[in-house]
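Trainee: For reference, the structure I am asking about is given below.
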Amino acid sequence: MTRIALIAHDEEKPSMIEFASNHEETLAQFDLTATGTTGKRLMEETDLEVERKESGPLGGDMMIGAEVADGSMDGIIFLRDPLTAQPHEPDISALLRICDVKDTALATNRASAEFLIEGLADQ
Ligand SMILES: O=C(CO)COP(=O)(O)O
């Protein structure tokens, strides 16, 4: 099953929930993983089943990055907050970098997230 990770910084969580609600049927086709708080909110506010990693600042980005590194993740939707510095910036950079190293689909805004799920759906 195609695997997608969903990650959103706090300011972007409402946008992630809206995105997931709008595309619930498509997203339900995927094996979904998320960082801790994003996953919690997705499970509370949609009907999607999501495997939860640690929260981002506690290593969740690195856990997802490890799955990109071992080739078991097909796509990442990472709605970053472009206006707020994060304490775990090195982890965020590492996740973005490993997606490029492994040529794994990465969307960092909603417009590209739409293309990502359309592209990976029904494969
Ligand atoms: O910080 C994050 C990604 O860098 C997201 O983590 P949470 O989903 O736990 O808030």
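In the structure tokens, each chain is lettered A, B, ... as it comes, each chain's residues begin at 1, and ligands are numbered from 1 in order of appearance.
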What does the list of residues within 10 Å of ligand 1 look like if you count only C-alpha atoms and all ligand atoms, written as JSON, numbers by chain?
Mentor: {"A": [6, 7, 8, 9, 10, 11, 12, 13, 34, 35, 36, 37, 38, 39, 40, 41, 42, 52, 53, 54, 55, 56, 57, 58, 59, 60, 61, 62, 78, 79, 80, 81, 86, 87, 88, 89, 90, 91, 92, 93, 95]}
Trainee: Got a sec to tell me which of chain A DSSP assigns to strand (DSSP E or B), as an NGL selection string?
Mentor: :A and (3-8 or 31-34 or 50-52 or 75-79 or 105-107)
Trainee: The selected residues should be written to file as a compact mmCIF listing (two decimals), in the first residue's frame (atoms: N, CA and C atoms).
Mentor:
```txt
# COMPACT_ATOMS: atom_id res chain seq x y z
N ARG A 3 2.39 4.67 0.89
CA ARG A 3 2.51 5.29 2.21
C ARG A 3 2.76 6.79 2.09
N ILE A 4 1.98 7.57 2.82
CA ILE A 4 2.14 9.03 2.83
C ILE A 4 2.24 9.50 4.28
N ALA A 5 3.13 10.46 4.52
CA ALA A 5 3.23 11.08 5.83
C ALA A 5 2.62 12.48 5.79
N LEU A 6 1.88 12.82 6.83
CA LEU A 6 1.24 14.13 6.96
C LEU A 6 1.84 14.84 8.17
N ILE A 7 2.35 16.04 7.95
CA ILE A 7 3.02 16.79 9.01
C ILE A 7 2.60 18.25 8.87
N ALA A 8 2.26 18.89 9.98
CA ALA A 8 1.93 20.33 9.92
C ALA A 8 2.40 21.03 11.19
N ASP A 31 -1.79 4.38 3.17
CA ASP A 31 -1.36 4.04 4.52
C ASP A 31 -0.75 5.33 5.09
N LEU A 32 -1.44 5.94 6.05
CA LEU A 32 -1.06 7.29 6.51
C LEU A 32 -0.27 7.24 7.81
N THR A 33 0.75 8.08 7.85
CA THR A 33 1.58 8.27 9.05
C THR A 33 1.61 9.77 9.32
N ALA A 34 1.78 10.16 10.58
CA ALA A 34 1.87 11.59 10.89
C ALA A 34 2.74 11.80 12.12
N VAL A 50 -4.61 7.01 11.19
CA VAL A 50 -3.26 7.53 11.01
C VAL A 50 -2.32 6.91 12.04
N GLU A 51 -1.19 6.39 11.59
CA GLU A 51 -0.17 5.92 12.53
C GLU A 51 0.58 7.13 13.05
N ARG A 52 0.68 7.25 14.36
CA ARG A 52 1.31 8.45 14.93
C ARG A 52 2.74 8.17 15.38
N GLY A 75 5.51 9.37 -0.14
CA GLY A 75 5.29 10.81 -0.28
C GLY A 75 5.15 11.47 1.08
N ILE A 76 5.54 12.74 1.13
CA ILE A 76 5.45 13.52 2.37
C ILE A 76 4.69 14.80 2.07
N ILE A 77 3.68 15.08 2.88
CA ILE A 77 3.04 16.40 2.84
C ILE A 77 3.41 17.09 4.14
N PHE A 78 4.18 18.14 4.01
CA PHE A 78 4.73 18.82 5.18
C PHE A 78 4.34 20.30 5.09
N LEU A 79 3.25 20.66 5.77
CA LEU A 79 2.82 22.07 5.76
C LEU A 79 3.61 22.79 6.85
N ALA A 105 8.65 12.08 -3.19
CA ALA A 105 7.74 13.20 -3.43
C ALA A 105 7.51 13.98 -2.13
N LEU A 106 7.66 15.29 -2.22
CA LEU A 106 7.55 16.16 -1.04
C LEU A 106 6.73 17.39 -1.41
N ALA A 107 5.66 17.64 -0.67
CA ALA A 107 4.84 18.84 -0.89
C ALA A 107 4.88 19.68 0.38
```
Trainee: Would you list the contacts of A:Lys102 as a list in words, taking every protein, DNA or RNA residue within 8 Å and counting only C-alpha atoms, but skipping same-chain residues closer than 3 positions in sequence?
Mentor: Val68, Ala69, Gly71, Ile98 and Cys99 of chain A
Trainee: Name the residues of chain A that fall into helix (DSSP H, G or I) according to DSSP on the backbone, using the chain letters and numbers of this document, as a short mmCIF file (atom, residue, chain, number, x, y, z; two decimals) with C-alpha atoms, in the first residue's frame.
Mentor:
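Resulting contents of selection16.cif:
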```
data_model
loop_
_atom_site.label_atom_id
_atom_site.label_comp_id
_atom_site.auth_asym_id
_atom_site.auth_seq_id
_atom_site.Cartn_x
_atom_site.Cartn_y
_atom_site.Cartn_z
CA ASP A 10 0.90 24.54 14.64
CA GLU A 11 -0.02 27.55 12.50
CA GLU A 12 -0.68 25.21 9.57
CA LYS A 13 -2.70 22.57 11.43
CA PRO A 14 -6.09 24.13 10.56
CA SER A 15 -5.03 24.10 6.92
CA MET A 16 -3.96 20.43 7.17
CA ILE A 17 -7.29 19.46 8.75
CA GLU A 18 -9.17 21.31 6.02
CA PHE A 19 -7.03 19.65 3.32
CA ALA A 20 -7.56 16.19 4.86
CA SER A 21 -11.32 16.74 5.19
CA ASN A 22 -11.61 17.92 1.60
CA GLU A 24 -10.74 12.27 2.87
CA GLU A 25 -11.83 9.73 0.27
CA THR A 26 -8.53 9.94 -1.62
CA LEU A 27 -6.41 9.94 1.53
CA GLY A 36 2.27 13.17 16.99
CA THR A 37 0.03 16.20 17.31
CA THR A 38 -0.84 16.38 13.63
CA GLY A 39 -1.90 12.73 13.78
CA LYS A 40 -3.92 13.26 16.94
CA ARG A 41 -5.85 16.13 15.38
CA LEU A 42 -6.41 14.23 12.13
CA MET A 43 -7.87 11.28 14.02
CA GLU A 44 -10.06 13.53 16.17
CA GLU A 45 -11.32 15.73 13.36
CA GLY A 56 7.95 16.90 15.69
CA PRO A 57 10.03 18.68 18.35
CA LEU A 58 10.53 15.32 20.11
CA GLY A 60 8.87 12.81 14.91
CA ASP A 61 10.39 14.40 11.81
CA MET A 62 13.45 12.20 12.26
CA MET A 63 11.32 9.07 12.62
CA ILE A 64 9.59 9.88 9.33
CA GLY A 65 12.95 10.80 7.79
CA ALA A 66 14.25 7.35 8.73
CA GLU A 67 11.39 5.77 6.78
CA VAL A 68 12.22 7.96 3.78
CA ALA A 69 15.85 6.84 4.12
CA GLU A 89 14.91 23.32 12.66
CA PRO A 90 17.84 20.91 12.13
CA ASP A 91 15.41 17.95 12.14
CA ILE A 92 13.15 19.72 9.65
CA SER A 93 16.07 20.44 7.32
CA ALA A 94 17.20 16.82 7.62
CA LEU A 95 13.77 15.55 6.59
CA LEU A 96 13.62 17.86 3.57
CA ARG A 97 17.15 16.86 2.61
CA ILE A 98 16.57 13.11 2.81
CA CYS A 99 13.49 13.49 0.57
CA ASP A 100 15.78 15.03 -2.06
CA VAL A 101 18.47 12.40 -1.52
CA ARG A 110 -1.43 22.79 -0.21
CA ALA A 111 -1.28 23.48 -3.92
CA SER A 112 1.49 20.93 -4.37
CA ALA A 113 -0.12 18.56 -1.85
CA GLU A 114 -3.11 18.30 -4.21
CA PHE A 115 -0.81 17.17 -7.03
CA LEU A 116 1.00 14.75 -4.73
CA ILE A 117 -2.10 12.84 -3.66
CA GLU A 118 -3.53 12.84 -7.20
CA GLY A 119 -0.21 11.53 -8.52
CA LEU A 120 0.08 8.76 -5.95
#
```
Trainee: In Å, how far is it from atom CA of A:Asp47 to atom CA of A:Ala28?
Mentor: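 Value for the atom CA of A:Asp47-atom CA of A:Ala28 distance: 8.7 Å.
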Trainee: Measuring between only C-alpha atoms, which one of A:His23, A:Ala121, A:Thr46, A:Asn109 shows the shortest distance to A:Asp74?
Mentor: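 Among the listed residues, A:Ala121 lies closest to A:Asp74.
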